[in-house]
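Structure file start-v5.txt (compact mmCIF, C-alpha atoms) is printed below.
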# COMPACT_ATOMS: atom_id res chain seq x y z
CA MET K 1 0.86 32.53 54.54
CA PRO K 2 -1.65 33.96 57.02
CA ALA K 3 -4.09 36.33 55.36
CA LYS K 4 -5.20 38.11 58.52
CA THR K 5 -3.08 41.11 59.38
CA ASN K 6 -4.50 44.27 60.85
CA PRO K 7 -2.58 47.18 59.25
CA SER K 8 -2.38 49.44 62.30
CA ASP K 9 -1.27 46.54 64.47
CA LEU K 10 1.37 45.64 61.90
CA VAL K 11 2.68 49.23 61.81
CA ARG K 12 2.88 49.29 65.60
CA ARG K 13 4.83 46.03 65.68
CA VAL K 14 7.24 47.19 62.96
CA ARG K 15 7.91 50.39 64.91
CA LYS K 16 8.64 48.24 67.98
CA GLY K 17 11.35 46.54 65.94
CA GLU K 18 9.70 43.16 65.32
CA HIS K 19 11.37 41.38 62.41
CA ALA K 20 8.41 39.10 61.69
CA ALA K 21 6.11 42.10 61.35
CA ALA K 22 8.59 43.91 59.10
CA SER K 23 8.86 40.83 56.91
CA ARG K 24 5.10 40.63 56.49
CA ALA K 25 4.80 44.37 55.89
CA LEU K 26 7.51 44.14 53.23
CA SER K 27 5.55 41.45 51.38
CA ILE K 28 2.35 43.50 51.42
CA VAL K 29 4.11 46.66 50.23
CA VAL K 30 6.24 44.93 47.59
CA ASP K 31 3.37 42.78 46.26
CA ASP K 32 1.02 45.77 46.23
CA GLY K 33 -1.41 43.69 48.25
CA LYS K 34 -4.51 44.70 50.17
CA ASP K 35 -3.73 47.52 52.65
CA SER K 36 -0.43 48.27 50.93
CA GLU K 37 -1.25 51.94 50.48
CA ALA K 38 -2.48 52.33 54.04
CA LEU K 39 0.79 50.79 55.26
CA ALA K 40 2.98 52.77 52.88
CA LYS K 41 1.42 56.03 54.09
CA GLU K 42 2.34 55.20 57.68
CA PHE K 43 5.87 54.05 56.88
CA PHE K 44 6.58 57.14 54.78
CA LYS K 45 6.21 59.31 57.89
CA ALA K 46 9.39 57.94 59.47
CA SER K 47 11.44 58.14 56.30
CA GLY K 48 14.36 60.29 55.26
CA SER K 49 16.47 60.46 58.41
CA VAL K 50 18.98 57.59 58.20
CA GLN K 51 21.66 57.02 55.58
CA LYS K 52 20.70 54.84 52.63
CA ILE K 53 23.81 53.44 50.98
CA GLY K 54 23.49 52.10 47.46
CA VAL K 55 25.97 49.41 46.43
CA SER K 56 26.26 49.18 42.66
CA GLY K 57 28.63 47.81 40.06
CA PRO K 58 29.01 45.04 37.48
CA PRO K 59 28.07 41.40 38.23
CA GLY K 60 30.65 39.43 40.17
CA VAL K 61 32.75 42.30 41.52
CA GLY K 62 31.92 41.33 45.10
CA LYS K 63 29.03 43.66 45.95
CA SER K 64 27.29 41.14 48.21
CA THR K 65 30.43 40.06 50.05
CA LEU K 66 31.45 43.69 50.54
CA THR K 67 27.93 44.48 51.76
CA GLY K 68 28.34 41.67 54.29
CA ARG K 69 31.62 43.20 55.46
CA LEU K 70 29.98 46.59 55.90
CA VAL K 71 27.18 44.97 57.91
CA GLY K 72 29.84 43.46 60.17
CA HIS K 73 31.52 46.84 60.58
CA PHE K 74 28.26 48.66 61.41
CA ARG K 75 27.37 45.93 63.90
CA SER K 76 30.71 46.40 65.66
CA LYS K 77 29.54 50.01 66.19
CA LYS K 78 26.25 48.69 67.63
CA LEU K 79 24.25 50.09 64.72
CA LYS K 80 21.09 48.33 63.52
CA VAL K 81 21.37 47.47 59.85
CA GLY K 82 18.79 46.81 57.14
CA VAL K 83 19.82 45.24 53.83
CA LEU K 84 17.85 45.06 50.59
CA MET K 85 19.40 42.97 47.83
CA VAL K 86 17.95 43.02 44.32
CA ASP K 87 18.48 40.29 41.74
CA PRO K 88 16.94 40.03 38.27
CA SER K 89 13.58 38.42 37.51
CA SER K 90 13.38 36.21 34.45
CA SER K 91 11.70 37.95 31.54
CA ILE K 92 10.64 34.49 30.37
CA SER K 93 9.21 32.75 33.44
CA GLY K 94 8.80 35.68 35.86
CA GLY K 95 10.79 33.65 38.37
CA ALA K 96 14.07 34.68 39.94
CA PHE K 97 17.09 33.21 41.64
CA LEU K 98 17.87 35.47 44.58
CA GLY K 99 21.44 34.48 45.35
CA ASP K 100 22.87 37.46 47.22
CA ARG K 101 21.79 36.42 50.67
CA LEU K 102 24.02 33.36 50.78
CA ARG K 103 27.08 35.63 50.71
CA ILE K 104 26.15 37.18 54.02
CA MET K 105 24.69 34.25 55.94
CA GLU K 106 27.08 34.93 58.84
CA HIS K 107 24.67 37.68 59.91
CA ALA K 108 21.58 35.47 59.58
CA THR K 109 20.83 35.09 63.27
CA ASP K 110 21.93 38.56 64.43
CA PRO K 111 18.82 40.33 65.81
CA GLY K 112 20.36 43.69 64.80
CA VAL K 113 20.38 42.79 61.11
CA PHE K 114 17.40 42.47 58.77
CA ILE K 115 18.04 41.22 55.24
CA ARG K 116 15.51 40.95 52.44
CA SER K 117 16.04 39.70 48.87
CA LEU K 118 13.95 41.38 46.20
CA ALA K 119 13.38 40.44 42.57
CA SER K 120 13.48 43.21 39.96
CA ARG K 121 10.03 42.11 38.67
CA GLY K 122 10.20 43.71 35.28
CA MET K 123 12.02 46.93 36.12
CA ILE K 124 15.12 47.69 34.07
CA GLY K 125 17.78 49.71 35.86
CA GLY K 126 19.06 47.48 38.65
CA LEU K 127 16.23 47.96 41.14
CA THR K 128 12.52 47.21 41.55
CA TYR K 129 9.58 49.64 41.46
CA ALA K 130 8.79 48.64 45.05
CA ILE K 131 12.21 49.67 46.37
CA PHE K 132 11.03 52.83 48.14
CA GLY K 133 8.22 51.01 49.90
CA ALA K 134 10.72 48.42 51.10
CA ILE K 135 13.15 51.12 52.29
CA HIS K 136 10.43 52.87 54.29
CA VAL K 137 9.59 49.63 56.11
CA LEU K 138 13.23 49.28 57.20
CA GLU K 139 13.32 52.94 58.24
CA SER K 140 10.26 52.36 60.42
CA LEU K 141 11.88 49.23 61.85
CA GLY K 142 14.53 51.50 63.35
CA CYS K 143 17.53 50.64 61.18
CA ASP K 144 20.44 53.07 61.61
CA LYS K 145 21.97 52.23 58.23
CA ILE K 146 20.28 50.82 55.16
CA LEU K 147 22.29 49.08 52.45
CA ILE K 148 20.70 48.63 49.02
CA GLU K 149 22.49 46.32 46.65
CA THR K 150 21.50 46.64 43.00
CA VAL K 151 21.38 43.99 40.34
CA GLY K 152 24.82 43.59 38.77
CA THR K 153 24.87 46.54 36.39
CA GLY K 154 26.29 47.46 33.01
CA GLN K 155 27.23 50.94 31.92
CA ASP K 156 23.83 52.55 31.95
CA GLU K 157 22.01 51.79 35.21
CA VAL K 158 21.93 54.96 37.25
CA GLU K 159 18.57 54.69 39.06
CA ILE K 160 20.29 53.92 42.38
CA ALA K 161 21.53 57.53 42.49
CA SER K 162 17.91 58.71 42.79
CA VAL K 163 17.12 56.18 45.52
CA ALA K 164 20.14 56.14 47.85
CA ASP K 165 21.83 59.02 49.68
CA THR K 166 25.31 57.68 49.06
CA VAL K 167 26.27 55.56 46.06
CA LEU K 168 29.17 53.17 46.42
CA TYR K 169 30.37 52.02 43.03
CA VAL K 170 32.29 48.74 43.19
CA THR K 171 34.72 47.56 40.55
CA THR K 172 37.76 45.25 40.39
CA PRO K 173 41.33 45.41 39.09
CA SER K 174 40.24 43.73 35.86
CA MET K 175 37.40 45.95 34.71
CA GLY K 176 39.23 47.80 31.97
CA ASP K 177 41.38 50.85 31.53
CA GLU K 178 40.98 54.59 31.89
CA ILE K 179 38.89 54.79 28.70
CA GLN K 180 36.18 52.59 30.30
CA ALA K 181 36.19 54.83 33.36
CA MET K 182 35.73 57.94 31.19
CA LYS K 183 32.33 56.86 29.86
CA ALA K 184 29.11 58.54 30.89
CA GLY K 185 26.46 56.57 32.74
CA ALA K 186 27.18 54.42 35.77
CA MET K 187 30.66 55.88 36.26
CA GLU K 188 29.15 59.33 36.89
CA ILE K 189 26.97 58.42 39.84
CA GLY K 190 29.49 57.10 42.37
CA ASP K 191 30.01 59.12 45.54
CA LEU K 192 32.73 56.66 46.48
CA PHE K 193 34.57 54.28 44.19
CA VAL K 194 35.98 51.01 45.45
CA VAL K 195 38.42 48.71 43.70
CA ASN K 196 37.45 45.43 45.37
CA LYS K 197 39.43 42.19 45.11
CA ALA K 198 42.49 44.36 45.82
CA ASP K 199 44.35 41.14 46.61
CA LEU K 200 44.43 40.48 42.84
CA ALA K 201 47.14 41.84 40.58
CA GLY K 202 46.54 45.24 38.99
CA LYS K 203 45.01 47.06 41.94
CA ASP K 204 47.33 50.08 41.77
CA LYS K 205 46.78 50.58 38.05
CA ALA K 206 43.00 50.28 38.48
CA ILE K 207 43.03 52.94 41.19
CA ALA K 208 45.27 55.21 39.13
CA ASP K 209 43.02 54.78 36.06
CA LEU K 210 39.91 55.62 38.04
CA LYS K 211 41.52 58.65 39.65
CA ALA K 212 42.82 59.85 36.31
CA ALA K 213 39.38 59.52 34.71
CA LEU K 214 37.66 61.28 37.61
CA GLY K 215 40.27 64.03 37.55
CA LEU K 216 39.78 64.85 33.87
CA GLY K 217 36.95 67.22 34.77
CA HIS K 218 39.42 69.50 36.51
CA SER K 219 41.73 69.47 33.53
CA ALA K 220 38.69 70.48 31.46
CA GLY K 221 38.31 73.54 33.66
CA GLN K 222 35.55 72.38 36.06
CA ALA K 223 35.71 73.82 39.58
CA VAL K 224 36.59 71.50 42.46
CA LYS K 225 33.32 70.17 43.92
CA ALA K 226 32.43 70.23 47.61
CA TRP K 227 32.61 66.44 47.53
CA GLU K 228 35.14 64.79 45.26
CA PRO K 229 34.55 61.00 45.06
CA PRO K 230 37.43 59.16 46.71
CA VAL K 231 38.83 55.97 45.20
CA LEU K 232 39.49 53.26 47.77
CA ALA K 233 40.72 49.68 47.73
CA THR K 234 39.12 46.76 49.57
CA SER K 235 39.43 43.04 49.72
CA ALA K 236 36.01 41.86 50.80
CA LYS K 237 37.34 38.31 51.02
CA ASP K 238 39.52 39.11 54.04
CA GLY K 239 38.06 42.47 55.11
CA ASP K 240 41.03 44.67 54.19
CA GLY K 241 40.12 48.31 53.65
CA VAL K 242 36.61 47.98 55.09
CA PRO K 243 37.14 50.36 58.07
CA GLU K 244 38.51 53.00 55.66
CA LEU K 245 35.53 52.47 53.36
CA ALA K 246 33.10 52.82 56.28
CA ALA K 247 34.85 56.05 57.29
CA GLY K 248 34.46 57.32 53.72
CA LEU K 249 30.74 56.50 53.74
CA GLU K 250 30.33 58.33 57.05
CA GLY K 251 32.27 61.29 55.63
CA HIS K 252 29.84 61.52 52.73
CA TRP K 253 26.87 61.35 55.08
CA ASP K 254 28.34 64.23 57.12
CA HIS K 255 28.84 66.18 53.90
CA LEU K 256 25.18 65.60 52.92
CA LYS K 257 23.94 66.76 56.30
CA LYS K 258 26.15 69.87 56.45
CA SER K 259 25.63 71.01 52.86
CA GLY K 260 22.32 71.56 51.11
CA GLU K 261 23.03 68.44 49.07
CA GLY K 262 21.30 66.09 51.53
CA ARG K 263 17.98 67.89 51.21
CA ALA K 264 18.38 68.17 47.43
CA ARG K 265 18.90 64.41 47.21
CA LEU K 266 15.91 63.67 49.42
CA LYS K 267 13.77 65.78 47.11
CA ARG K 268 15.11 63.92 44.09
CA GLN K 269 14.33 60.62 45.83
CA HIS K 270 10.74 61.71 46.43
CA ALA K 271 10.43 62.72 42.77
CA THR K 272 11.66 59.24 41.79
CA GLU K 273 9.31 57.54 44.26
CA LEU K 274 6.42 59.43 42.71
CA GLN K 275 7.64 58.46 39.24
CA PHE K 276 7.80 54.78 40.21
CA TRP K 277 4.29 54.98 41.67
CA ILE K 278 2.92 56.46 38.46
CA GLN K 279 4.81 53.91 36.38
CA ARG K 280 3.33 51.08 38.42
CA ARG K 281 -0.24 52.45 38.45
CA VAL K 282 -0.59 54.02 35.02
CA ILE K 283 1.85 52.47 32.58
CA LYS K 284 1.92 48.95 33.95
CA SER K 285 -1.83 48.74 34.33
CA ALA K 286 -2.35 50.07 30.80
CA LEU K 287 0.07 47.48 29.45
CA GLU K 288 -1.73 44.74 31.34
CA ARG K 289 -4.91 45.66 29.48
CA VAL K 290 -3.31 44.80 26.13
CA THR K 291 -5.01 41.66 24.84
CA ASP K 292 -4.15 39.24 22.10
CA LYS K 293 -7.18 40.60 20.24
CA ASN K 294 -5.56 44.07 20.27
CA LEU K 295 -2.39 42.64 18.75
CA GLU K 296 -4.40 40.79 16.11
CA GLU K 297 -6.05 44.10 15.20
CA LEU K 298 -2.61 45.61 14.70
CA VAL K 299 -1.47 42.72 12.51
CA ALA K 300 -4.65 43.06 10.42
CA ARG K 301 -4.03 46.84 10.20
CA LYS K 302 -7.48 47.50 11.67
CA THR K 303 -5.86 49.94 14.09
CA ASP K 304 -2.44 51.46 14.73
CA PRO K 305 -0.25 51.74 17.87
CA ALA K 306 -1.11 55.39 18.48
CA SER K 307 -4.90 54.89 18.29
CA LEU K 308 -4.72 51.73 20.36
CA GLY K 309 -2.46 53.43 22.90
CA ARG K 310 -4.90 56.32 23.33
CA ARG K 311 -7.77 53.88 23.80
CA LEU K 312 -5.87 51.92 26.46
CA LEU K 313 -4.90 55.04 28.39
CA LYS K 314 -8.48 56.32 28.60
CA MET I 1 -0.14 38.85 36.90
CA ASP I 2 -0.26 37.02 40.22
CA LYS I 3 2.62 37.68 42.51
CA PRO I 4 5.33 35.04 42.29
CA LEU I 5 5.51 32.38 45.01
CA ARG I 6 8.65 32.55 47.15
CA VAL I 7 10.61 29.47 48.16
CA LEU I 8 13.74 29.10 50.30
CA ILE I 9 16.06 26.24 49.40
CA ALA I 10 18.49 25.32 52.16
CA LYS I 11 21.14 22.75 52.93
CA PRO I 12 21.44 22.14 56.67
CA GLY I 13 24.29 20.42 58.43
CA LEU I 14 27.69 19.30 57.24
CA ASP I 15 26.85 18.20 53.73
CA GLY I 16 28.41 19.94 50.76
CA HIS I 17 26.67 17.98 48.01
CA ASP I 18 24.70 20.85 46.56
CA ARG I 19 24.07 19.78 42.98
CA GLY I 20 20.56 18.55 43.78
CA ALA I 21 19.66 21.75 45.59
CA LYS I 22 20.94 23.81 42.66
CA VAL I 23 18.92 21.77 40.15
CA ILE I 24 15.79 22.40 42.24
CA VAL I 25 16.61 26.14 42.41
CA ARG I 26 16.90 26.25 38.63
CA ALA I 27 13.71 24.27 38.00
CA LEU I 28 11.70 26.48 40.34
CA ARG I 29 13.14 29.67 38.86
CA ASP I 30 12.15 28.50 35.39
CA ALA I 31 8.68 27.63 36.68
CA GLY I 32 8.16 31.23 37.80
CA PHE I 33 9.09 31.02 41.49
CA GLU I 34 11.29 33.51 43.31
CA VAL I 35 13.91 31.25 44.86
CA ILE I 36 16.30 32.14 47.66
CA TYR I 37 19.21 29.80 48.23
CA THR I 38 21.12 29.97 51.50
CA GLY I 39 24.11 27.87 50.44
CA ILE I 40 25.64 24.95 52.30
CA ARG I 41 26.35 24.23 55.98
CA GLN I 42 23.47 26.10 57.56
CA THR I 43 22.18 25.66 61.11
CA PRO I 44 18.44 25.28 61.76
CA GLU I 45 18.46 28.75 63.38
CA MET I 46 20.00 30.35 60.29
CA ILE I 47 17.50 28.68 57.96
CA ALA I 48 14.52 29.68 60.10
CA ALA I 49 15.74 33.28 60.38
CA ALA I 50 16.18 33.50 56.60
CA ALA I 51 12.70 32.01 56.03
CA MET I 52 11.21 34.58 58.39
CA GLN I 53 12.98 37.62 56.91
CA GLU I 54 12.22 36.53 53.35
CA ASP I 55 8.56 35.76 54.15
CA VAL I 56 8.64 32.65 51.99
CA ASP I 57 5.70 30.39 51.19
CA ALA I 58 7.77 27.21 51.40
CA VAL I 59 11.12 25.90 52.62
CA GLY I 60 12.84 23.08 50.75
CA LEU I 61 15.57 21.12 52.57
CA SER I 62 18.19 19.04 50.82
CA LEU I 63 20.38 16.61 52.71
CA LEU I 64 22.47 13.67 51.61
CA SER I 65 24.49 13.04 54.75
CA GLY I 66 22.00 10.89 56.68
CA ALA I 67 21.35 13.44 59.43
CA HIS I 68 17.82 14.25 58.20
CA LEU I 69 16.07 12.67 61.22
CA THR I 70 17.89 15.13 63.47
CA LEU I 71 18.09 18.24 61.31
CA PHE I 72 14.72 18.36 59.50
CA PRO I 73 12.66 18.18 62.72
CA ALA I 74 14.99 20.72 64.35
CA ILE I 75 14.27 23.15 61.48
CA CYS I 76 10.51 22.57 61.73
CA LYS I 77 10.75 23.37 65.44
CA GLU I 78 12.72 26.57 64.80
CA LEU I 79 10.21 27.70 62.18
CA LYS I 80 7.34 27.20 64.62
CA LYS I 81 9.30 29.06 67.31
CA LYS I 82 9.50 32.02 64.95
CA GLY I 83 5.74 31.89 64.37
CA LEU I 84 6.05 30.47 60.85
CA LYS I 85 3.35 27.85 61.32
CA ASP I 86 1.97 28.12 57.79
CA VAL I 87 5.21 27.73 55.86
CA LEU I 88 5.21 24.53 53.83
CA VAL I 89 8.29 22.38 54.51
CA PHE I 90 9.42 19.77 52.00
CA GLY I 91 12.63 17.79 51.70
CA GLY I 92 14.78 15.74 49.44
CA GLY I 93 18.01 13.83 49.24
CA ILE I 94 19.08 10.36 50.30
CA ILE I 95 16.23 9.51 52.63
CA PRO I 96 15.19 5.86 53.27
CA ASP I 97 11.48 5.09 52.87
CA GLU I 98 11.09 4.13 56.53
CA ASP I 99 12.23 7.62 57.58
CA VAL I 100 9.51 9.43 55.63
CA LYS I 101 6.75 8.79 58.21
CA PRO I 102 8.72 10.17 61.19
CA LEU I 103 9.70 13.20 59.11
CA GLN I 104 6.08 13.85 58.17
CA LYS I 105 5.13 13.58 61.81
CA ALA I 106 7.75 16.21 62.62
CA GLY I 107 6.25 18.64 60.11
CA VAL I 108 7.90 17.84 56.77
CA ASP I 109 4.96 17.76 54.37
CA ALA I 110 6.58 15.72 51.61
CA VAL I 111 9.86 14.01 50.78
CA PHE I 112 11.21 13.67 47.23
CA GLY I 113 13.87 11.07 46.58
CA PRO I 114 16.43 10.78 43.79
CA GLY I 115 14.88 10.47 40.34
CA THR I 116 11.76 12.49 41.12
CA PRO I 117 10.76 14.36 37.93
CA LEU I 118 11.22 18.10 38.49
CA GLN I 119 7.69 18.72 37.18
CA THR I 120 6.35 16.63 40.08
CA ILE I 121 7.93 19.01 42.58
CA VAL I 122 6.77 22.11 40.67
CA ASP I 123 3.20 20.75 40.47
CA TYR I 124 3.26 19.77 44.13
CA LEU I 125 4.32 23.26 45.23
CA LYS I 126 1.90 25.08 42.95
CA GLY I 127 -0.97 22.85 44.08
CA LYS I 128 -0.22 23.10 47.79
CA LEU I 129 0.53 26.81 47.81
CA ALA I 130 -2.50 27.73 45.69
CA VAL I 131 -4.68 26.14 48.35
CA ALA I 132 -2.79 27.91 51.15
CA ARG I 133 -3.54 31.27 49.56

Target format structure tokens, applied to this file:
Amino acid sequence: MPAKTNPSDLVRRVRKGEHAAASRALSIVVDDGKDSEALAKEFFKASGSVQKIGVSGPPGVGKSTLTGRLVGHFRSKKLKVGVLMVDPSSSISGGAFLGDRLRIMEHATDPGVFIRSLASRGMIGGLTYAIFGAIHVLESLGCDKILIETVGTGQDEVEIASVADTVLYVTTPSMGDEIQAMKAGAMEIGDLFVVNKADLAGKDKAIADLKAALGLGHSAGQAVKAWEPPVLATSAKDGDGVPELAAGLEGHWDHLKKSGEGRARLKRQHATELQFWIQRRVIKSALERVTDKNLEELVARKTDPASLGRRLLK
Amino acid sequence: MDKPLRVLIAKPGLDGHDRGAKVIVRALRDAGFEVIYTGIRQTPEMIAAAAMQEDVDAVGLSLLSGAHLTLFPAICKELKKKGLKDVLVFGGGIIPDEDVKPLQKAGVDAVFGPGTPLQTIVDYLKGKLAVAR
């Protein structure tokens, strides 16, 4: 990879819409390389004006294929689309298999689509600490819509709600009954719920279960919210329900813009971006200073975790 | 920790035999690489576009159909057209010895035939890419 890249020249080329420049800028920002802060400062300026759609849900429910369908829909409206797809890094080797992109290869040569695969690189929660930096590059590139696909999640990964403007939670007809949908955690963060693979048996029951679980709040006396998450059905395999889903996403974006909720979410996103920055700089760097000698001292009871921790944070 | 090296593994042309490519993906993942796999039946343009957007350090091509003398050079050309002059290109599959020279001339740095120990490919990539950085 070429080492020579002048930051201001790179920023200029990204703003002109050059994919090669955006790709290089993404690497620098994500890898925390030389000039990454100078670049990130510039890219932050253009941020916060286009809709960031988070696509979350358990592994294998069809997030990537559905994302590909949404890309196709946005392209039919002549919108430029940026896609970030996160897959897990190995906690053992540090390597990763980034296998989301192959689901949407039909958009590979479309100049109006930019797709980047990211590895989670040690972050738990379905994303990567560098996600905001990556988003800001795509915002500067002039994308009209940005799709962020999380790692396949369990019940507890809610970070996407502090990163995206609109969270699309994807599930399938076979993901369990109403009791599953009543649990706290991931089920609370969806702005839209989608039962994908609607061509499979059990779609109607899955939708009814989800609606029943979401509606329990009202039965418990909660007021009707300004935005009640709709439950939709799609079949990403053949594209059924995608126009309705896109209309729902647009409806949520309108709601965010018209209500104070959009600004509130942007503020929450900035708080999270700051949190990620501190986590990367302070916590990660302190942990990287832990040596085998430190651990030996602990085993020999020459020190204790609290004293060692204080020493490392100094 | 150094940042992980990124490698794109691709299968161009009309060849669905992807076991070899998947074994390479797995070996590289376990050796600490970030590996992107494009799946089967890709055109040279699609592979080059993916390599550019993913900013990879290397592209590995797997082909067992016999069309390597056409497709591998076409991919090298597309990569250069996109300005990716420094991306390392390597290949594997059913490739006769006499075809290796013409492929190298076209820009494929190395060719690994059936039976190559996976460690050989890992060591080759780590060695080559460490120098490139």

For chain K, work out the contacting residues on chain I at 6 Å, counting only C-alpha atoms, and write them as a CSV table (one decimal) with C-alpha atoms, keeping the file's coordinate frame.
chain,number,residue,atom,x,y,z
I,29,ARG,CA,13.1,29.7,38.9
I,30,ASP,CA,12.2,28.5,35.4
I,32,GLY,CA,8.2,31.2,37.8
I,33,PHE,CA,9.1,31.0,41.5
I,34,GLU,CA,11.3,33.5,43.3
I,35,VAL,CA,13.9,31.2,44.9
I,36,ILE,CA,16.3,32.1,47.7
I,37,TYR,CA,19.2,29.8,48.2
I,38,THR,CA,21.1,30.0,51.5
I,39,GLY,CA,24.1,27.9,50.4
I,46,MET,CA,20.0,30.4,60.3
I,53,GLN,CA,13.0,37.6,56.9
I,54,GLU,CA,12.2,36.5,53.4
I,55,ASP,CA,8.6,35.8,54.2
I,86,ASP,CA,2.0,28.1,57.8

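CA of Val61 (chain K) sits 15.7 Å away from CA of Asp177 (chain K).
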
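The space separating CA of Ser162 (chain K) from CA of Gln269 (chain K) comes to 5.1 Å.
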
Let me have the centre and edge lengths of the axis-aligned box enclosing all listed atoms of region 198-208 of chain K with 4 Å padding on every side, in Å to one decimal, as AutoDock Vina command-line options.
--center_x 44.9 --center_y 47.8 --center_z 42.3 --size_x 12.8 --size_y 22.7 --size_z 16.6

Checklist entry - What is the distance, in Å and to one decimal place, between CA of Glu45 (chain I) and CA of Val55 (chain K)? => result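 A separation of 27.8 Å between them.
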
Checklist entry - From the set I:Gln119, I:Thr43, I:Gln104, I:Thr70, which residue has the shortest atom-to-atom contact distance to Arg26 (chain I), counting all atoms listed in the file? => result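 The closest residue to Arg26 (chain I) is I:Gln119.
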
Item to check | Polymer residues at most 9 Å from His68 (chain I), all atoms listed in the file, same-chain spacing of 4 or more positions, as a PyMOL selection string | outcome: chain I and resi 12-13+62-64+72-73+93-95+99+103

Checklist entry - In file coordinates, which residues lie within 12 Å of (39.5, 41.0, 54.1) using only C-alpha atoms, given as a PyMOL selection string? => result chain K and resi 62+65-66+68-70+72-73+196-199+233-243

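Counting only C-alpha atoms, the residue from I:Ile75, I:Ala21, I:Leu14, I:Ile40 that sits nearest to Leu118 (chain I) is I:Ala21.
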